[in-house]
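One file, coords.txt, carrying compact mmCIF, C-alpha atoms and all ligand atoms:
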```txt
# COMPACT_ATOMS: atom_id res chain seq x y z
CA MET D 197 7.69 -48.82 121.52
CA LEU D 198 9.03 -47.58 118.19
CA ALA D 199 6.25 -45.96 116.12
CA ASP D 200 6.12 -43.94 112.93
CA SER D 201 4.38 -40.61 112.41
CA TYR D 202 0.97 -42.36 112.15
CA LYS D 203 1.69 -44.41 115.29
CA ARG D 204 2.36 -47.59 113.30
CA PRO D 205 4.89 -49.96 114.95
CA VAL D 206 7.46 -51.94 112.95
CA LYS D 207 6.42 -55.59 113.12
CA ASP D 208 7.41 -57.15 109.80
CA LEU D 209 10.66 -57.11 107.87
CA ARG D 210 10.88 -58.15 104.24
CA ILE D 211 14.41 -58.88 103.20
CA SER D 212 15.29 -58.92 99.53
CA VAL D 213 18.30 -61.23 99.29
CA THR D 214 18.94 -60.57 95.61
CA ASP D 215 17.53 -58.41 92.84
CA ARG D 216 18.17 -61.18 90.30
CA CYS D 217 15.48 -63.46 88.99
CA ASN D 218 15.27 -66.40 86.61
CA PHE D 219 11.74 -65.36 85.48
CA ARG D 220 10.55 -62.22 83.73
CA CYS D 221 6.93 -61.98 84.90
CA THR D 222 5.24 -59.41 82.70
CA TYR D 223 3.66 -57.60 85.66
CA CYS D 224 6.92 -57.39 87.63
CA MET D 225 10.14 -57.27 85.57
CA PRO D 226 9.17 -57.49 81.92
CA GLN D 227 12.47 -56.41 80.38
CA ASP D 228 14.96 -59.02 79.18
CA GLU D 229 18.02 -57.18 80.50
CA TYR D 230 18.49 -55.34 83.77
CA GLU D 231 21.43 -53.64 85.34
CA TRP D 232 21.98 -55.87 88.37
CA ILE D 233 23.34 -54.63 91.65
CA ASN D 234 27.08 -55.19 91.76
CA LYS D 235 27.91 -58.30 93.85
CA LYS D 236 30.11 -56.41 96.30
CA GLU D 237 27.20 -54.10 97.12
CA ILE D 238 24.99 -57.01 98.15
CA LEU D 239 24.69 -57.55 101.89
CA THR D 240 26.42 -60.69 103.18
CA PHE D 241 24.45 -63.20 105.26
CA GLU D 242 26.30 -61.93 108.35
CA GLU D 243 25.28 -58.33 107.61
CA ILE D 244 21.66 -59.32 106.98
CA THR D 245 21.56 -61.34 110.20
CA ARG D 246 22.99 -58.48 112.22
CA LEU D 247 20.39 -56.04 110.90
CA ALA D 248 17.60 -58.61 111.34
CA ASN D 249 18.55 -59.02 115.00
CA LEU D 250 18.45 -55.27 115.51
CA PHE D 251 15.03 -55.04 113.84
CA VAL D 252 13.70 -57.80 116.10
CA GLY D 253 14.97 -55.81 119.06
CA LEU D 254 12.88 -52.88 117.79
CA GLY D 255 9.67 -54.92 117.57
CA VAL D 256 9.82 -57.02 114.41
CA GLU D 257 8.08 -60.38 114.92
CA LYS D 258 8.04 -61.69 111.39
CA ILE D 259 10.66 -61.89 108.63
CA ARG D 260 9.99 -62.76 105.02
CA LEU D 261 12.80 -63.57 102.59
CA THR D 262 12.08 -62.40 99.09
CA GLY D 263 13.71 -60.82 96.04
CA GLY D 264 14.07 -60.96 92.99
CA GLU D 265 14.00 -64.70 93.29
CA PRO D 266 15.46 -65.56 96.70
CA LEU D 267 16.40 -69.10 95.69
CA VAL D 268 18.85 -67.89 93.05
CA ARG D 269 20.98 -66.56 95.91
CA LYS D 270 23.59 -69.24 96.58
CA ASP D 271 23.31 -71.18 99.85
CA LEU D 272 20.16 -69.43 101.02
CA ASP D 273 19.65 -72.20 103.57
CA GLN D 274 22.68 -70.83 105.44
CA LEU D 275 20.89 -67.51 105.90
CA VAL D 276 17.71 -69.30 106.96
CA ALA D 277 19.72 -71.17 109.60
CA LYS D 278 21.06 -67.88 111.01
CA LEU D 279 17.65 -66.17 111.08
CA ALA D 280 15.67 -69.14 112.38
CA VAL D 281 17.47 -68.98 115.73
CA ILE D 282 16.91 -65.28 116.43
CA PRO D 283 15.30 -65.16 119.87
CA ARG D 284 11.79 -63.59 119.87
CA LEU D 285 11.38 -63.93 116.09
CA GLU D 286 7.96 -65.56 115.79
CA ASP D 287 7.77 -66.27 112.07
CA LEU D 288 10.23 -66.79 109.22
CA CYS D 289 8.82 -67.20 105.75
CA LEU D 290 10.01 -67.37 102.15
CA THR D 291 8.28 -66.02 99.04
CA THR D 292 9.51 -67.76 95.91
CA ASN D 293 8.55 -68.43 92.32
CA GLY D 294 9.05 -72.11 93.20
CA SER D 295 11.23 -73.01 90.24
CA LEU D 296 14.23 -74.03 92.39
CA LEU D 297 12.25 -75.16 95.42
CA ALA D 298 12.28 -78.91 94.79
CA GLU D 299 16.08 -79.00 94.77
CA GLN D 300 16.49 -76.78 97.84
CA ILE D 301 13.59 -77.71 100.10
CA GLU D 302 15.43 -80.35 102.08
CA ALA D 303 18.24 -77.96 103.04
CA LEU D 304 15.79 -75.11 103.73
CA LYS D 305 13.65 -77.30 105.98
CA ALA D 306 16.72 -78.59 107.82
CA ALA D 307 17.82 -74.96 108.33
CA GLY D 308 14.55 -74.16 110.08
CA LEU D 309 12.16 -72.92 107.41
CA LYS D 310 8.60 -73.85 108.38
CA ARG D 311 6.46 -72.24 105.73
CA VAL D 312 6.57 -70.90 102.23
CA ASN D 313 4.56 -68.79 99.77
CA VAL D 314 4.85 -69.80 96.12
CA SER D 315 3.75 -67.56 93.28
CA ILE D 316 1.70 -69.30 90.61
CA ASP D 317 -0.66 -67.32 88.39
CA THR D 318 -2.10 -70.08 86.20
CA LEU D 319 -2.19 -73.85 85.83
CA ASP D 320 -2.02 -73.60 82.06
CA ASN D 321 1.45 -74.47 80.73
CA GLU D 322 1.41 -72.15 77.76
CA LYS D 323 -0.03 -69.22 79.66
CA PHE D 324 2.48 -69.76 82.46
CA LYS D 325 5.27 -69.49 79.92
CA ARG D 326 3.73 -66.30 78.47
CA MET D 327 3.27 -64.68 81.88
CA THR D 328 6.71 -65.51 83.26
CA LYS D 329 8.52 -65.42 79.90
CA ARG D 330 11.00 -68.05 81.16
CA GLY D 331 9.17 -70.22 83.65
CA ASP D 332 8.37 -73.92 83.52
CA LEU D 333 5.10 -74.71 85.30
CA ALA D 334 6.09 -78.36 85.87
CA LYS D 335 9.14 -77.28 87.92
CA VAL D 336 7.03 -74.96 90.05
CA LEU D 337 4.45 -77.67 90.73
CA GLU D 338 7.27 -80.03 91.60
CA GLY D 339 8.53 -77.46 94.10
CA ILE D 340 5.10 -76.97 95.67
CA PHE D 341 4.57 -80.70 96.16
CA ALA D 342 8.12 -81.13 97.47
CA ALA D 343 7.35 -78.48 100.11
CA LYS D 344 4.18 -80.37 101.01
CA LYS D 345 6.05 -83.66 101.22
CA HIS D 346 8.58 -82.10 103.59
CA GLY D 347 5.78 -80.95 105.88
CA LEU D 348 5.91 -77.18 105.37
CA LYS D 349 2.66 -75.64 106.57
CA PRO D 350 0.79 -73.61 105.59
CA ILE D 351 1.76 -73.59 101.93
CA LYS D 352 0.28 -70.43 100.45
CA LEU D 353 0.04 -69.91 96.71
CA ASN D 354 0.04 -66.33 95.39
CA ALA D 355 -1.53 -65.25 92.12
CA VAL D 356 -1.58 -61.76 90.65
CA VAL D 357 -4.82 -61.41 88.70
CA GLU D 358 -4.63 -59.45 85.46
CA ARG D 359 -7.77 -58.75 83.45
CA GLY D 360 -7.95 -60.60 80.15
CA VAL D 361 -4.82 -62.57 81.03
CA ASN D 362 -5.53 -64.94 83.92
CA ASP D 363 -8.87 -63.89 85.41
CA ASP D 364 -10.25 -67.16 84.02
CA ASP D 365 -7.69 -69.02 86.17
CA ILE D 366 -9.24 -67.93 89.48
CA ILE D 367 -11.55 -70.95 89.81
CA PRO D 368 -9.03 -73.58 88.59
CA LEU D 369 -6.49 -72.24 91.11
CA VAL D 370 -9.08 -72.32 93.91
CA GLU D 371 -10.02 -75.89 93.01
CA PHE D 372 -6.37 -76.95 92.88
CA CYS D 373 -5.84 -75.54 96.38
CA ARG D 374 -9.00 -77.12 97.77
CA GLU D 375 -7.95 -80.48 96.36
CA HIS D 376 -4.40 -80.40 97.77
CA GLY D 377 -4.77 -78.42 101.00
CA PHE D 378 -2.98 -75.23 99.90
CA ALA D 379 -4.10 -71.70 100.83
CA MET D 380 -4.70 -69.49 97.79
CA ARG D 381 -3.93 -65.77 97.98
CA PHE D 382 -5.05 -63.54 95.13
CA ILE D 383 -3.25 -60.23 94.68
CA GLU D 384 -4.74 -57.20 92.95
CA TYR D 385 -2.49 -56.15 90.11
CA MET D 386 -0.49 -53.17 91.41
CA ASP D 387 1.45 -50.34 89.81
CA VAL D 388 4.73 -51.48 91.34
CA GLY D 389 7.99 -50.39 89.70
CA ASN D 390 8.02 -48.38 86.49
CA ALA D 391 8.17 -50.92 83.68
CA ASN D 392 4.96 -52.97 83.71
CA ASN D 393 2.72 -50.35 81.99
CA TRP D 394 0.08 -50.80 84.66
CA THR D 395 -3.32 -49.30 83.98
CA SER D 396 -6.34 -49.52 86.25
CA ASP D 397 -8.39 -51.41 83.64
CA LYS D 398 -5.96 -54.37 83.93
CA LEU D 399 -6.86 -54.64 87.61
CA VAL D 400 -9.40 -57.23 88.76
CA SER D 401 -10.72 -55.93 92.07
CA LYS D 402 -11.08 -57.85 95.31
CA LYS D 403 -14.84 -57.50 94.96
CA GLU D 404 -14.81 -59.17 91.53
CA ILE D 405 -12.45 -61.93 92.71
CA LEU D 406 -14.68 -62.72 95.69
CA GLU D 407 -17.84 -62.67 93.57
CA ALA D 408 -16.33 -65.14 91.10
CA ILE D 409 -15.25 -67.53 93.86
CA GLY D 410 -18.30 -67.06 96.10
CA ALA D 411 -20.71 -67.89 93.27
CA ARG D 412 -19.16 -71.37 93.08
CA TYR D 413 -17.86 -71.91 96.62
CA PRO D 414 -19.59 -69.74 99.26
CA LEU D 415 -17.23 -67.86 101.56
CA ARG D 416 -17.26 -66.41 105.05
CA GLU D 417 -14.92 -63.56 106.03
CA ILE D 418 -12.31 -64.30 108.70
CA GLY D 419 -10.45 -60.96 108.57
CA ARG D 420 -6.79 -59.97 108.56
CA ASP D 421 -4.30 -62.14 110.43
CA GLN D 422 -3.09 -60.15 113.49
CA GLY D 423 -5.20 -57.25 112.21
CA SER D 424 -2.31 -56.01 110.07
CA ALA D 425 -1.68 -58.68 107.40
CA PRO D 426 -2.04 -57.48 103.80
CA ALA D 427 -4.53 -60.25 102.95
CA VAL D 428 -8.15 -60.32 104.07
CA ASP D 429 -8.87 -64.02 104.65
CA TYR D 430 -12.05 -65.99 103.93
CA GLU D 431 -12.97 -69.57 104.70
CA PHE D 432 -15.09 -71.80 102.53
CA VAL D 433 -18.49 -72.33 104.14
CA ASP D 434 -18.15 -76.07 103.43
CA GLY D 435 -15.03 -76.14 105.65
CA ASN D 436 -12.64 -77.11 102.85
CA GLY D 437 -9.90 -74.52 103.28
CA ASP D 438 -9.45 -70.79 103.01
CA ILE D 439 -8.41 -68.08 100.59
CA GLY D 440 -7.16 -64.53 100.95
CA VAL D 441 -7.21 -61.41 98.81
CA ILE D 442 -4.59 -58.66 98.92
CA ALA D 443 -6.39 -55.53 97.75
CA SER D 444 -3.79 -52.83 98.02
CA VAL D 445 -5.39 -50.85 95.18
CA THR D 446 -9.14 -50.94 95.94
CA GLU D 447 -8.95 -51.34 99.74
CA PRO D 448 -5.64 -49.84 100.86
CA PHE D 449 -4.34 -50.97 104.23
CA CYS D 450 -1.75 -48.23 104.76
CA ALA D 451 -3.26 -47.34 108.15
CA SER D 452 -2.26 -50.72 109.56
CA CYS D 453 0.96 -51.23 107.58
CA THR D 454 3.78 -52.33 109.89
CA ARG D 455 6.22 -53.51 107.17
CA ALA D 456 9.79 -52.38 106.67
CA ARG D 457 11.86 -53.56 103.73
CA LEU D 458 15.57 -54.17 103.45
CA THR D 459 16.97 -54.18 99.92
CA ALA D 460 19.67 -56.55 98.76
CA ASP D 461 22.16 -53.66 98.72
CA GLY D 462 21.37 -52.53 102.24
CA LYS D 463 18.74 -49.82 102.00
CA ILE D 464 15.75 -49.55 104.29
CA VAL D 465 12.56 -48.83 102.39
CA THR D 466 9.45 -47.83 104.28
CA CYS D 467 6.80 -48.41 101.58
CA LEU D 468 6.39 -50.73 98.58
CA PHE D 469 5.83 -47.64 96.46
CA SER D 470 8.75 -45.57 97.75
CA HIS D 471 10.94 -43.78 95.25
CA GLY D 472 14.06 -44.30 97.34
CA GLY D 473 15.59 -46.03 100.33
CA HIS D 474 17.79 -45.11 103.30
CA ASP D 475 21.32 -46.46 103.14
CA VAL D 476 22.27 -48.46 106.25
CA LYS D 477 25.09 -50.39 104.60
CA LYS D 478 27.38 -47.39 104.62
CA LEU D 479 27.23 -47.10 108.40
CA LEU D 480 27.31 -50.89 108.81
CA ARG D 481 30.47 -51.24 106.72
CA ALA D 482 32.09 -48.23 108.40
CA GLY D 483 32.21 -50.29 111.60
CA ALA D 484 29.20 -48.78 113.40
CA SER D 485 28.13 -50.12 116.78
CA ASP D 486 24.74 -51.77 117.28
CA GLU D 487 23.61 -48.65 119.12
CA GLU D 488 24.49 -46.42 116.16
CA LEU D 489 22.64 -48.72 113.78
CA VAL D 490 19.59 -48.87 116.04
CA ASN D 491 19.58 -45.08 116.23
CA LEU D 492 19.65 -44.84 112.43
CA ILE D 493 16.86 -47.41 111.94
CA SER D 494 14.76 -45.75 114.65
CA SER D 495 15.14 -42.30 113.14
CA ILE D 496 14.09 -43.63 109.71
CA TRP D 497 11.04 -45.38 111.13
CA THR D 498 10.00 -42.49 113.39
CA LYS D 499 9.82 -40.16 110.40
CA ARG D 500 7.86 -42.63 108.25
CA ALA D 501 4.73 -41.00 106.83
CA ASP D 502 3.98 -43.22 103.78
CA ARG D 503 0.37 -43.84 102.77
CA TYR D 504 0.84 -44.25 99.04
CA SER D 505 -2.04 -46.65 98.34
CA GLU D 506 -4.54 -44.42 100.13
CA GLU D 507 -3.33 -41.43 98.11
CA ARG D 508 -3.53 -43.46 94.88
CA LEU D 509 -7.13 -44.45 95.61
CA GLN D 510 -8.08 -40.83 96.20
CA ALA D 511 -6.38 -39.84 92.94
CA MET D 512 -8.03 -42.72 91.04
CA ARG D 513 -11.46 -41.63 92.34
CA SER D 514 -10.90 -38.14 91.00
CA ALA D 515 -9.69 -39.64 87.68
CA ASN D 516 -6.44 -37.89 88.39
CA TYR D 517 -3.99 -40.75 88.66
CA ASP D 518 -0.99 -41.20 86.41
CA PRO D 519 1.17 -44.07 87.71
CA LYS D 520 4.14 -42.80 85.69
CA SER D 521 4.15 -39.47 87.51
CA HIS D 522 5.54 -41.19 90.61
CA LYS D 523 8.90 -42.88 90.03
CA LYS D 524 9.24 -45.98 92.23
CA ILE D 525 11.93 -48.46 93.13
CA GLU D 526 11.59 -51.63 91.04
CA MET D 527 9.81 -54.45 92.92
CA ILE D 528 12.77 -56.78 92.34
CA SER D 529 15.15 -54.62 94.32
CA LEU D 530 12.90 -53.90 97.24
CA GLY D 531 11.23 -57.26 97.72
CA GLY D 532 7.51 -57.72 97.12
C1 LIG C 601 8.47 -59.59 93.60
S1 LIG C 601 8.05 -61.25 93.96
C2 LIG C 601 9.55 -61.82 94.74
C3 LIG C 601 9.52 -63.24 95.19
C4 LIG C 601 9.48 -64.32 94.13
N1 LIG C 601 10.32 -64.07 93.00
C5 LIG C 601 8.06 -64.59 93.71
O1 LIG C 601 7.71 -64.33 92.56
O2 LIG C 601 7.30 -65.07 94.56
C6 LIG C 601 6.94 -61.17 95.34
C7 LIG C 601 5.48 -61.13 95.01
O3 LIG C 601 5.18 -59.94 94.35
C8 LIG C 601 4.15 -60.19 93.41
N2 LIG C 601 4.10 -59.15 92.40
C9 LIG C 601 5.05 -58.82 91.50
N3 LIG C 601 4.62 -57.82 90.70
C10 LIG C 601 3.36 -57.51 91.10
C11 LIG C 601 2.38 -56.56 90.66
N4 LIG C 601 2.59 -55.75 89.65
N5 LIG C 601 1.20 -56.52 91.31
C12 LIG C 601 0.96 -57.36 92.35
N6 LIG C 601 1.85 -58.26 92.82
C13 LIG C 601 3.02 -58.35 92.19
C14 LIG C 601 4.54 -61.55 92.88
O4 LIG C 601 3.48 -62.20 92.27
C15 LIG C 601 5.01 -62.26 94.12
O5 LIG C 601 3.94 -62.95 94.73
S1 LIG C 602 7.30 -61.87 90.43
FE1 LIG C 602 9.03 -62.96 91.33
S2 LIG C 602 9.44 -64.51 89.76
FE2 LIG C 602 8.27 -63.00 88.73
S3 LIG C 602 9.77 -61.63 87.79
FE3 LIG C 602 9.16 -60.77 89.80
S4 LIG C 602 10.72 -61.46 91.17
FE4 LIG C 602 10.81 -62.80 89.36
```

Hey, can you dump this file as structure tokens for me?
Ligand SMILES: C[S@@+](CC[C@H](N)C(=O)[O-])C[C@H]1O[C@@H](n2cnc3c(N)ncnc32)[C@H](O)[C@@H]1O
Ligand code: SF4
Amino acid sequence: MLADSYKRPVKDLRISVTDRCNFRCTYCMPQDEYEWINKKEILTFEEITRLANLFVGLGVEKIRLTGGEPLVRKDLDQLVAKLAVIPRLEDLCLTTNGSLLAEQIEALKAAGLKRVNVSIDTLDNEKFKRMTKRGDLAKVLEGIFAAKKHGLKPIKLNAVVERGVNDDDIIPLVEFCREHGFAMRFIEYMDVGNANNWTSDKLVSKKEILEAIGARYPLREIGRDQGSAPAVDYEFVDGNGDIGVIASVTEPFCASCTRARLTADGKIVTCLFSHGGHDVKKLLRAGASDEELVNLISSIWTKRADRYSEERLQAMRSANYDPKSHKKIEMISLGG
């Protein structure tokens, strides 16, 4: 079995289908203008599918489509249809900001999509507009309920919690999910990319998030799905649903990280906090055989030694951490 230098297998592949986005979430891509990847550099659906098949052959069980905003990529359902039929792929999921979901859900479902994660950080219209700079909460809610109506399950909602911004939205989001049967996932605010001016005091820790929820709705720990999922899951003691918390800052899970990322322009990235990727597109477009591509992917994975979040925690504990000292790829190009 393929394993990296810490004996971690490759089990998950996150595919960024575009770096473009119709939102400008302040914690992710706060600038108004970006230099987008040139269209001809973006992998075609055929190229993505070929690489996805090779990854599955190397042990990947789960694929997540992400971005940027994946639903701004034209005809995404056609890619879903190609990936959904890969033999031995156990799970295909989409992470979206939900704004275009209502209009695309029927085609996505018909193409074979079974579940979806939708990012939603607040249920307050004005705050939603402030946090996303361009988003319309009503459209996102419409998308979430359209997914429910079309039978997608589970529907997970993701919220990044930022101190002084939306920490007072934790309970309303939990109550919304309990009422409608969605699974809430809270994400610790991370120092992804280089533009969000992250500081550790903006972070609301997993411990604080759980205390706030548990005081109102007692929780019982379930653990990590498959032992390697980023979220630690909890169920409500009253039996009305579950939540999860992704604590990459305060409780790093590098030791069990089995995720590879494929950027929209065909680079393999081995960590969310990497400063660069490995170009596979060049070989792919030069007419390489499957064997040559598998050899390249295997050699990248075998050398993988990333444990950025563990190193960050050590540095934060010694008050020695400057997020700007480590230049990273922007989240939009590598797929969150
Ligand atoms: C980069 S987005 C791409 C997919 C889609 N546009 C969306 O928003 O769901 C993937 C996930 O990363 C999360 N994310 C972005 N910036 C983050 C940050 N600084 N800290 C933690 N999570 C972040 C988003 O909230 C989202 O759930
Ligand atoms: S979190 Fe998603 S929706 Fe928000 S700016 Fe980033 S890519 Fe776009």

Q) Contacts of Asp461 (chain D) at 8 Å or less, counting only C-alpha atoms, minus same-chain residues fewer than 4 places along, as a ChimeraX atom specification? A) /D:233,237-239,477

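Neighbours of ligand LIG 601 (chain C) at a cut-off of 7 Å, computed so that only C-alpha atoms and all ligand atoms are counted, are the residues D:Cys217, D:Tyr223, D:Cys224, D:Thr262, D:Gly263, D:Gly264, D:Glu265, D:Pro266, D:Thr291, D:Thr292, D:Asn293, D:Asn313, D:Val314, D:Ser315, D:Asn354, D:Ala355, D:Val356, D:Ile383, D:Glu384, D:Tyr385, D:Met386, D:Asp387, D:Val388, D:Asn392, D:Met527, D:Ile528, D:Gly531, D:Gly532.
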
Q.
For a quick check of understanding, using only C-alpha atoms, which of D:Ile439, D:Arg359, D:Ala342, D:Gly419 has the smallest distance to Phe372 (chain D)?
A. D:Ile439

Could you work out an axis-aligned box for ligand LIG 602 (chain C), taking every atom the file lists and adding 5 Å on each side, and report centre and edge lengths in Å to one decimal, as lines of an AutoDock Vina configuration file?
```
center_x = 9.1
center_y = -62.6
center_z = 89.6
size_x = 13.5
size_y = 13.7
size_z = 13.5
```

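Of the listed residues D:Asp271, D:Asp332, D:Glu371, D:Asp475, the one whose atoms come nearest to ligand LIG 602 (chain C) is D:Asp332, with distances taken using only C-alpha atoms and all ligand atoms.
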
Selection near Gly308 (chain D), 7 Å with all atoms listed in the file, sequence-local residues under 4 positions removed, as a PDB file with C-alpha atoms, in the coordinates of the input:
```pdb
ATOM      1  CA  VAL D 276      17.710 -69.300 106.960  1.00  0.00           C
ATOM      2  CA  ALA D 277      19.720 -71.170 109.600  1.00  0.00           C
ATOM      3  CA  ALA D 280      15.670 -69.140 112.380  1.00  0.00           C
ATOM      4  CA  LEU D 304      15.790 -75.110 103.730  1.00  0.00           C
TER       5      LEU D 304
END
```

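Among the candidates D:Val490, D:Arg416, D:Asn218, D:Ser452, the residue lying nearest to Val252 (chain D) is D:Val490 (atoms considered: only C-alpha atoms).
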
**Q.** Nearest-residue call for Asp200 (chain D), choices D:Asp502, D:Asp228, D:Asp518, D:Glu242, using all atoms listed in the file
**A.**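 Distance minimum relative to Asp200 (chain D) lands on D:Asp502.
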
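Nearest residue to ligand LIG 602 (chain C) among D:Asp317, D:Glu299, D:Glu404, D:Glu431 is D:Asp317, counting all atoms listed in the file.
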